[in-house]
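For reference, my_file13.cif (mmCIF, C-alpha atoms):
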```cif
data_data
#
loop_
_atom_site.label_atom_id
_atom_site.label_comp_id
_atom_site.auth_asym_id
_atom_site.auth_seq_id
_atom_site.Cartn_x
_atom_site.Cartn_y
_atom_site.Cartn_z
CA MET A 133 0.00 0.00 0.00
CA PRO A 134 1.48 3.40 -0.92
CA GLU A 135 2.66 5.41 2.06
CA PHE A 136 0.65 8.56 1.15
CA LEU A 137 -2.60 6.65 1.65
CA ASN A 138 -1.80 6.46 5.36
CA ARG A 139 -1.22 10.20 5.63
CA VAL A 140 -3.61 11.71 8.18
CA VAL A 141 -5.57 14.79 7.18
CA TYR A 142 -8.10 16.20 9.67
CA ASN A 143 -8.18 13.03 11.78
CA ASN A 144 -8.69 10.76 8.75
CA THR A 145 -6.28 9.05 6.42
CA ILE A 146 -6.41 9.59 2.70
CA LEU A 147 -7.49 5.96 2.42
CA ASP A 148 -10.47 6.70 4.68
CA TYR A 149 -11.49 9.56 2.39
CA LEU A 150 -11.16 7.34 -0.68
CA ILE A 151 -13.25 4.63 0.94
CA PHE A 152 -15.83 7.27 1.92
CA LEU A 153 -15.97 8.60 -1.65
CA GLY A 154 -16.19 5.07 -3.07
CA VAL A 155 -19.04 4.09 -0.74
CA LEU A 156 -20.83 7.39 -1.40
CA VAL A 157 -20.51 7.14 -5.18
CA GLY A 158 -21.49 3.47 -5.08
CA SER A 159 -24.52 4.27 -2.92
CA LEU A 160 -25.62 7.05 -5.28
CA ILE A 161 -25.21 4.76 -8.31
CA VAL A 162 -27.21 1.98 -6.63
CA ILE A 163 -29.95 4.44 -5.63
CA ARG A 164 -30.00 5.81 -9.17
CA ILE A 165 -30.26 2.36 -10.79
CA VAL A 166 -32.89 1.07 -8.35
CA GLY A 167 -34.87 4.27 -8.73
CA TYR A 168 -34.73 4.03 -12.51
CA PHE A 169 -36.15 0.50 -12.64
CA VAL A 170 -38.71 1.17 -9.89
CA PHE A 171 -40.06 4.30 -11.58
CA LYS A 172 -40.05 2.59 -14.96
CA HIS A 173 -42.19 -0.23 -13.56
CA VAL A 174 -44.46 2.19 -11.68
CA ALA A 175 -44.93 4.29 -14.82
CA LYS A 176 -46.27 1.23 -16.66
CA LEU A 177 -48.73 0.59 -13.85
CA THR A 178 -49.94 4.21 -13.68
CA LYS A 179 -50.69 4.25 -17.41
CA LYS A 180 -53.29 1.51 -16.83
CA THR A 181 -55.27 3.61 -14.34
CA ALA A 182 -57.86 6.22 -15.27
CA THR A 183 -56.96 8.66 -12.50
CA THR A 184 -54.01 11.06 -12.67
CA ILE A 185 -53.38 11.07 -8.91
CA ASP A 186 -50.86 8.21 -9.09
CA ASP A 187 -49.02 9.97 -11.94
CA GLU A 188 -48.75 13.18 -9.91
CA LEU A 189 -47.65 11.22 -6.83
CA CYS A 190 -44.94 9.42 -8.80
CA LYS A 191 -43.77 12.73 -10.26
CA ASN A 192 -43.52 14.33 -6.79
CA ILE A 193 -41.60 11.35 -5.39
CA LYS A 194 -39.08 11.60 -8.21
CA LYS A 195 -38.82 15.37 -7.77
CA TYR A 196 -38.57 15.64 -3.96
CA VAL A 197 -38.04 12.24 -2.33
CA MET A 198 -35.16 11.06 -4.51
CA PRO A 199 -32.94 14.11 -3.73
CA ALA A 200 -33.71 13.57 -0.04
CA VAL A 201 -32.59 9.95 -0.39
CA TYR A 202 -29.28 11.11 -1.95
CA PHE A 203 -28.66 13.45 0.97
CA ALA A 204 -29.60 10.68 3.39
CA ALA A 205 -26.93 8.51 1.76
CA LEU A 206 -24.45 11.36 2.24
CA TYR A 207 -25.48 11.63 5.89
CA PHE A 208 -24.97 7.94 6.65
CA THR A 209 -21.70 7.57 4.72
CA SER A 210 -20.28 10.65 6.49
CA LYS A 211 -20.38 8.60 9.69
CA MET A 212 -17.43 6.64 8.31
CA LEU A 213 -15.16 9.65 8.86
CA GLU A 214 -13.80 11.08 12.08
CA ILE A 215 -14.80 14.73 12.10
CA GLY A 216 -14.99 17.23 14.88
CA ASP A 217 -18.13 17.96 16.83
CA GLU A 218 -18.57 21.45 15.40
CA LEU A 219 -18.10 20.34 11.82
CA SER A 220 -20.31 17.31 12.45
CA LYS A 221 -23.09 19.58 13.72
CA ILE A 222 -22.78 21.81 10.67
CA ILE A 223 -22.85 18.89 8.23
CA ASN A 224 -25.66 17.09 10.04
CA GLY A 225 -27.68 20.28 10.36
CA SER A 226 -27.23 21.15 6.70
CA ILE A 227 -28.21 17.67 5.52
CA LEU A 228 -31.18 17.60 7.91
CA ALA A 229 -32.27 21.04 6.65
CA VAL A 230 -32.19 19.86 3.04
CA ILE A 231 -34.11 16.66 3.89
CA THR A 232 -36.68 18.68 5.89
CA ILE A 233 -37.15 21.11 2.99
CA MET A 234 -37.61 18.27 0.51
CA ALA A 235 -40.05 16.51 2.85
CA ALA A 236 -42.04 19.72 3.33
CA LEU A 237 -42.12 20.37 -0.43
CA PHE A 238 -43.27 16.79 -1.04
CA ALA A 239 -45.96 16.87 1.67
CA SER A 240 -47.30 20.29 0.62
CA SER A 241 -47.41 19.36 -3.07
CA VAL A 242 -49.17 16.04 -2.37
CA PHE A 243 -51.75 17.46 0.05
CA VAL A 244 -52.48 20.48 -2.16
CA MET A 245 -52.79 18.19 -5.18
CA LEU A 246 -55.26 15.92 -3.35
CA PHE A 247 -57.17 18.98 -2.09
CA ASN A 248 -57.43 20.43 -5.61
CA LYS A 249 -58.47 17.06 -7.03
CA TYR A 250 -61.28 16.90 -4.49
CA TRP A 251 -62.58 20.33 -5.50
CA GLU A 252 -61.97 19.82 -9.20
CA GLY A 253 -65.16 20.51 -11.17
CA LYS A 254 -66.71 22.35 -8.22
CA ARG A 255 -65.10 25.70 -9.00
CA THR A 256 -68.21 27.25 -10.47
CA ASN A 257 -67.19 30.87 -9.92
CA ALA A 258 -64.29 33.13 -9.06
CA ASN A 259 -65.17 33.22 -5.35
CA LYS A 260 -64.86 29.47 -4.99
CA GLU A 261 -61.56 29.67 -6.83
CA LEU A 262 -60.43 32.31 -4.30
CA ALA A 263 -61.52 30.14 -1.37
CA ILE A 264 -59.72 27.08 -2.73
CA LYS A 265 -56.52 29.05 -3.31
CA THR A 266 -56.73 30.53 0.20
CA LEU A 267 -57.24 27.12 1.79
CA SER A 268 -54.38 25.69 -0.27
CA GLY A 269 -52.15 28.49 0.96
CA LEU A 270 -53.16 27.86 4.59
CA LEU A 271 -52.45 24.16 4.11
CA LYS A 272 -48.95 24.92 2.79
CA VAL A 273 -48.26 27.31 5.66
CA THR A 274 -49.35 24.69 8.20
CA ILE A 275 -47.07 22.04 6.67
CA TRP A 276 -44.08 24.41 6.62
CA VAL A 277 -44.67 25.49 10.23
CA ILE A 278 -44.70 21.83 11.32
CA ALA A 279 -41.55 21.17 9.27
CA VAL A 280 -39.69 24.12 10.86
CA ILE A 281 -40.73 23.04 14.36
CA LEU A 282 -39.53 19.48 13.75
CA PHE A 283 -36.25 20.73 12.28
CA LEU A 284 -35.54 23.02 15.23
CA ASP A 285 -36.39 20.25 17.65
CA ASN A 286 -34.03 17.81 15.89
CA ILE A 287 -31.05 20.18 15.94
CA GLY A 288 -31.42 20.63 19.69
CA ILE A 289 -33.26 23.96 19.95
CA ARG A 290 -35.86 24.02 22.74
CA ILE A 291 -39.05 24.98 21.00
CA THR A 292 -41.41 25.09 23.99
CA SER A 293 -40.51 28.68 24.87
CA LEU A 294 -40.56 29.61 21.17
CA ILE A 295 -44.05 28.15 20.73
CA ALA A 296 -45.21 29.93 23.89
CA GLY A 297 -43.89 33.24 22.54
CA VAL A 298 -45.50 32.68 19.16
CA GLY A 299 -48.75 31.77 20.92
CA ILE A 300 -48.77 34.99 22.95
CA GLY A 301 -47.97 37.01 19.84
CA GLY A 302 -50.70 35.19 17.94
CA ILE A 303 -53.24 36.00 20.64
CA ALA A 304 -52.27 39.68 20.54
CA ILE A 305 -52.57 39.76 16.75
CA ALA A 306 -55.91 37.92 16.93
CA PHE A 307 -57.32 40.53 19.35
CA ALA A 308 -56.03 43.38 17.19
CA ALA A 309 -57.49 41.92 14.00
CA GLN A 310 -60.58 40.32 15.54
CA SER A 311 -63.01 41.93 13.11
CA ILE A 312 -60.97 41.05 10.02
CA LEU A 313 -60.37 37.46 11.15
CA GLY A 314 -64.07 37.12 11.97
CA ASP A 315 -65.01 38.16 8.43
CA ILE A 316 -62.46 35.74 6.95
CA PHE A 317 -63.78 32.82 9.00
CA CYS A 318 -67.32 33.77 8.01
CA PHE A 319 -66.20 33.72 4.37
CA PHE A 320 -65.20 30.08 4.79
CA THR A 321 -68.53 29.45 6.53
CA ILE A 322 -70.30 30.84 3.46
CA PHE A 323 -68.02 28.79 1.20
CA PHE A 324 -68.62 25.45 2.92
CA ASP A 325 -72.21 25.89 4.18
CA ARG A 326 -73.35 27.78 1.04
CA PRO A 327 -76.36 29.72 2.41
CA PHE A 328 -76.19 31.73 -0.83
CA GLU A 329 -74.12 31.90 -4.01
CA ILE A 330 -73.40 34.35 -6.81
CA GLY A 331 -76.65 35.23 -8.59
CA ASP A 332 -78.96 34.40 -5.65
CA PHE A 333 -81.59 36.95 -4.64
CA ILE A 334 -81.46 37.27 -0.85
CA VAL A 335 -83.09 39.35 1.89
CA SER A 336 -81.18 40.23 5.06
CA GLY A 337 -83.10 42.35 7.53
CA ASP A 338 -84.67 45.22 5.59
CA LYS A 339 -82.11 44.99 2.75
CA MET A 340 -82.45 42.85 -0.36
CA GLY A 341 -80.62 42.29 -3.62
CA THR A 342 -78.82 39.90 -5.95
CA VAL A 343 -75.45 38.58 -4.79
CA GLU A 344 -72.70 39.91 -7.08
CA TYR A 345 -69.49 39.16 -5.22
CA ILE A 346 -68.37 37.17 -2.16
CA GLY A 347 -64.96 38.25 -0.86
CA LEU A 348 -62.76 37.40 2.11
CA LYS A 349 -64.13 40.36 4.10
CA THR A 350 -67.28 41.64 2.38
CA THR A 351 -70.19 40.45 0.26
CA ARG A 352 -71.77 42.77 -2.32
CA LEU A 353 -75.41 42.81 -3.39
CA ARG A 354 -77.12 44.67 -6.23
CA ALA A 355 -80.38 46.13 -4.92
CA LEU A 356 -83.58 46.36 -6.95
CA ASP A 357 -83.13 50.14 -7.23
CA GLY A 358 -79.69 49.65 -8.76
CA GLU A 359 -77.41 50.67 -5.90
CA GLN A 360 -74.74 48.34 -4.54
CA LEU A 361 -75.11 47.07 -0.97
CA ILE A 362 -71.92 46.05 0.84
CA PHE A 363 -72.16 43.78 3.89
CA SER A 364 -69.41 42.43 6.09
CA ASN A 365 -69.44 38.63 6.07
CA THR A 366 -69.93 38.63 9.85
CA ASP A 367 -73.14 40.66 9.53
CA LEU A 368 -74.57 38.32 6.89
CA THR A 369 -73.77 35.03 8.65
CA GLY A 370 -75.02 36.47 11.95
CA SER A 371 -78.45 37.41 10.60
CA ARG A 372 -81.42 35.58 9.14
CA ILE A 373 -81.19 35.31 5.36
CA GLN A 374 -84.07 34.61 2.99
CA ASN A 375 -82.82 33.05 -0.23
CA TYR A 376 -85.47 33.39 -2.96
CA LYS A 377 -83.32 31.77 -5.65
CA ARG A 378 -83.80 28.37 -4.02
CA MET A 379 -87.54 28.73 -3.70
CA GLU A 380 -89.10 25.98 -5.82
CA GLN A 381 -92.57 27.56 -5.97
CA ARG A 382 -94.44 30.70 -4.91
CA ARG A 383 -97.63 30.62 -2.91
CA VAL A 384 -100.07 33.26 -4.06
CA LEU A 385 -102.75 34.34 -1.59
CA PHE A 386 -105.20 37.09 -2.42
CA THR A 387 -108.78 38.12 -1.70
CA LEU A 388 -111.47 39.72 -3.80
CA GLY A 389 -114.84 41.06 -2.84
CA VAL A 390 -118.16 41.15 -4.68
CA THR A 391 -121.18 43.25 -3.88
CA TYR A 392 -123.84 42.14 -1.42
CA ASP A 393 -126.53 42.07 -4.11
CA THR A 394 -124.75 39.21 -5.98
CA MET A 395 -127.16 36.32 -6.46
CA HIS A 396 -126.72 33.08 -4.52
CA ASP A 397 -126.12 30.91 -7.62
CA LYS A 398 -123.40 33.25 -8.83
CA LEU A 399 -121.70 33.13 -5.45
CA ARG A 400 -121.54 29.34 -5.71
CA GLU A 401 -120.16 29.66 -9.23
CA ILE A 402 -117.22 31.93 -8.35
CA PRO A 403 -114.84 29.25 -6.85
CA SER A 404 -115.16 26.97 -9.89
CA VAL A 405 -114.64 29.94 -12.26
CA ILE A 406 -111.44 30.92 -10.49
CA LYS A 407 -110.25 27.30 -10.42
CA SER A 408 -110.66 26.95 -14.19
CA ILE A 409 -108.77 30.22 -14.75
CA VAL A 410 -105.84 29.11 -12.59
CA ASP A 411 -105.76 25.64 -14.18
CA GLU A 412 -105.44 27.20 -17.64
CA ALA A 413 -102.49 29.39 -16.59
CA PRO A 414 -99.00 27.94 -17.28
CA ASN A 415 -96.82 26.65 -14.42
CA THR A 416 -99.57 26.88 -11.82
CA THR A 417 -101.25 24.56 -9.34
CA PHE A 418 -104.64 25.46 -7.91
CA GLY A 419 -104.93 25.47 -4.14
CA ARG A 420 -108.35 26.62 -3.01
CA ALA A 421 -111.04 29.29 -3.43
CA HIS A 422 -113.62 29.91 -0.70
CA PHE A 423 -116.29 32.35 0.27
CA ALA A 424 -114.35 33.41 3.37
CA SER A 425 -116.15 36.25 5.15
CA TYR A 426 -118.72 39.00 5.19
CA GLY A 427 -117.02 42.35 4.93
CA ASP A 428 -118.27 45.84 5.73
CA PHE A 429 -119.24 46.42 2.10
CA SER A 430 -118.35 43.15 0.31
CA LEU A 431 -118.65 39.38 0.26
CA ASN A 432 -115.03 38.26 0.46
CA PHE A 433 -113.46 35.28 -1.36
CA GLU A 434 -110.01 33.97 -0.42
CA ILE A 435 -107.97 32.33 -3.21
CA VAL A 436 -104.72 30.35 -2.99
CA TYR A 437 -102.68 28.95 -5.86
CA TYR A 438 -99.02 28.11 -6.54
CA ILE A 439 -96.68 29.30 -9.28
CA LEU A 440 -94.09 26.62 -10.03
CA SER A 441 -91.20 29.00 -10.54
CA ALA A 442 -88.90 31.10 -8.38
CA ASP A 443 -88.56 33.85 -10.99
CA TYR A 444 -90.23 37.03 -9.75
CA ASP A 445 -90.95 38.42 -13.22
CA GLU A 446 -92.64 35.18 -14.26
CA TYR A 447 -94.66 35.26 -11.04
CA MET A 448 -95.93 38.77 -11.81
CA ASP A 449 -96.74 37.88 -15.44
CA ILE A 450 -98.82 34.86 -14.42
CA HIS A 451 -100.58 36.66 -11.61
CA GLN A 452 -101.42 39.54 -13.92
CA GLU A 453 -102.93 37.13 -16.46
CA VAL A 454 -105.00 35.45 -13.74
CA ASN A 455 -106.32 38.83 -12.58
CA LEU A 456 -107.23 39.87 -16.13
CA LYS A 457 -109.05 36.57 -16.73
CA ILE A 458 -111.00 36.97 -13.49
CA LYS A 459 -112.13 40.44 -14.53
CA GLU A 460 -113.11 39.15 -17.99
CA GLU A 461 -115.13 36.22 -16.60
CA PHE A 462 -116.83 38.36 -13.97
CA ASP A 463 -117.87 40.88 -16.65
CA LYS A 464 -119.37 38.05 -18.74
CA ARG A 465 -121.40 36.81 -15.77
CA GLN A 466 -122.31 40.31 -14.60
CA ILE A 467 -120.65 39.80 -11.23
CA GLU A 468 -119.70 43.14 -9.77
CA PHE A 469 -116.64 43.80 -7.68
CA ALA A 470 -117.34 45.61 -4.44
CA PHE A 471 -115.83 48.94 -3.50
CA PRO A 472 -116.29 51.00 -0.35
CA THR A 473 -119.85 52.27 -0.21
CA GLN A 474 -122.14 53.57 2.46
CA THR A 475 -125.92 53.45 2.42
CA ILE A 476 -127.77 56.16 4.37
CA TYR A 477 -131.41 55.69 5.24
CA THR A 478 -133.44 58.81 5.99
CA ALA A 479 -136.86 58.91 7.56
CA SER A 480 -139.33 61.65 6.70
CA LEU A 481 -140.77 63.57 9.63
CA GLU A 482 -144.53 63.99 9.47
CA SER A 483 -145.90 66.94 11.27
#
```

Show this structure as structure tokens.
Amino acid sequence: MPEFLNRVVYNNTILDYLIFLGVLVGSLIVIRIVGYFVFKHVAKLTKKTATTIDDELCKNIKKYVMPAVYFAALYFTSKMLEIGDELSKIINGSILAVITIMAALFASSVFVMLFNKYWEGKRTNANKELAIKTLSGLLKVTIWVIAVILFLDNIGIRITSLIAGVGIGGIAIAFAAQSILGDIFCFFTIFFDRPFEIGDFIVSGDKMGTVEYIGLKTTRLRALDGEQLIFSNTDLTGSRIQNYKRMEQRRVLFTLGVTYDTMHDKLREIPSVIKSIVDEAPNTTFGRAHFASYGDFSLNFEIVYYILSADYDEYMDIHQEVNLKIKEEFDKRQIEFAFPTQTIYTASLES
């Protein structure tokens, strides 16, 4: 054996360094060859499946896990050398940092990919797209925070006091931004619970309008008069909301009165006349028509029917047609509508 191979450099002989390099290079070559055949076989299997999840998973493993495996090989082969404590800490910390970063990148990419696959096809508007991107971002932040905590713990840094400090700071920030955070959480409540969506006509308190935009902090409605109404998400989720877009049918209740001198047979005829009028109208279901009460100046009929549509304009068109038909049929039958009248009887005084 040549003498220079036994020369000691930094507590290791040149032969030790050569053995270390040989083992490291051999390990990397073996990992490369095994990885090549494994991924080649896996690629054939993934082509037979209909889903793309396994393809994305295989791609992320090749992109993030394989480099981490190379650095792991470097970490374990470095144990063959005698190095000082300080240098050992630097090398181990650097390799652990790289492995932690690769693991965090792999975990975040996989979880975000699965999350996006779950919501794929459900992104019907820009607000849902915003919510999905926000949740994806929060998911990535959570994974990276966990990765940093684990890394600090593994290199010997006590993280209990750090977490306590971050917790106190988080509480202070939460109190300072309580209103904003409340609106953001309410945005996710709207996103998941879906009490209303873009295009729905809603009523909240004494305000009403069509939903135009749902943001992280505010929701905007277009009122019937044309002005824009802006609500904080907290106000909307904390109040009762009437959503007319999801109404499957409208119940129409109205009364009409005829004069007291209407004949008995015509009074009996009125419910069937109204029923036939409603039955002929499109998208309607007849409910009832009854002689309901004696009024101060009229005989009152109460009518109920249903319009099988949530559209307000269609409701008004149908109801208008029903009213016109009632007037036409009453004119044909000489049935008079009542209006406020007062009869005064006078008695003559005989001297």

How many Å separate atom CA of A:Arg164 from atom CA of A:Lys211?
21.4 Å

For A:Phe333, find every residue with an atom within 7 Å (counting all atoms listed in the file), except residues of its own chain fewer than 3 positions away, and show them as a tab-separated table (two decimals) with C-alpha atoms, in the frame of the given file.
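For reference, out_8.tsv as written:
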```tsv
chain	number	residue	atom	x	y	z
A	341	GLY	CA	-80.62	42.29	-3.62
A	342	THR	CA	-78.82	39.90	-5.95
A	343	VAL	CA	-75.45	38.58	-4.79
A	375	ASN	CA	-82.82	33.05	-0.23
A	376	TYR	CA	-85.47	33.39	-2.96
A	377	LYS	CA	-83.32	31.77	-5.65
```

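Residues lying within 7 Å of stretch 390-397 of chain A, counting all atoms listed in the file and ignoring same-chain neighbours fewer than 3 positions away, are Arg400, Glu401, Ser430, Leu431, Asn432, Ile467, Glu468, Phe469 and Ala470 of chain A.
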
Result set of the PyMOL selection byres ((chain A and resi 149) around 12) on the coordinates above, as a PyMOL selection string
chain A and resi 137-148+150-156+209-215

Please work out which residues fall within 12 Å of (-62.9, 43.4, 4.2), coordinates as given in the file, with all atoms listed in the file counting, and return them as a PyMOL selection string.
chain A and resi 309-319+346-352+362-367

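Straight-line separation from atom CA of A:Ile287 to atom CA of A:Gly225: 6.5 Å.
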
Please tell me which residues are no farther than 9 Å from (-108.9, 44.5, -2.0) in the file, counting all atoms listed in the file, and write them as a CSV table (one decimal) with C-alpha atoms, keeping the file's coordinate frame.
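File produced: point.csv:
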```csv
chain,number,residue,atom,x,y,z
A,386,PHE,CA,-105.2,37.1,-2.4
A,387,THR,CA,-108.8,38.1,-1.7
A,388,LEU,CA,-111.5,39.7,-3.8
A,389,GLY,CA,-114.8,41.1,-2.8
A,470,ALA,CA,-117.3,45.6,-4.4
A,471,PHE,CA,-115.8,48.9,-3.5
```

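Residues matching the PyMOL selection byres ((chain A and resi 276-279) around 9) in this structure come to Thr232, Ile233, Ala235, Ala236, Leu237, Ser240, Leu271, Lys272, Val273, Thr274, Ile275, Val280, Ile281, Leu282, Phe283 and Leu284 of chain A.
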
Translate the PyMOL selection byres ((chain A and resi 339) around 10), as applied to the file shown, into an explicit residue set as a short mmCIF file (atom, residue, chain, number, x, y, z; two decimals) with C-alpha atoms, keeping the file's coordinate frame.
```
data_model
loop_
_atom_site.label_atom_id
_atom_site.label_comp_id
_atom_site.auth_asym_id
_atom_site.auth_seq_id
_atom_site.Cartn_x
_atom_site.Cartn_y
_atom_site.Cartn_z
CA ILE A 334 -81.46 37.27 -0.85
CA VAL A 335 -83.09 39.35 1.89
CA SER A 336 -81.18 40.23 5.06
CA GLY A 337 -83.10 42.35 7.53
CA ASP A 338 -84.67 45.22 5.59
CA MET A 340 -82.45 42.85 -0.36
CA GLY A 341 -80.62 42.29 -3.62
CA LEU A 353 -75.41 42.81 -3.39
CA ALA A 355 -80.38 46.13 -4.92
CA LEU A 356 -83.58 46.36 -6.95
CA LEU A 361 -75.11 47.07 -0.97
#
```
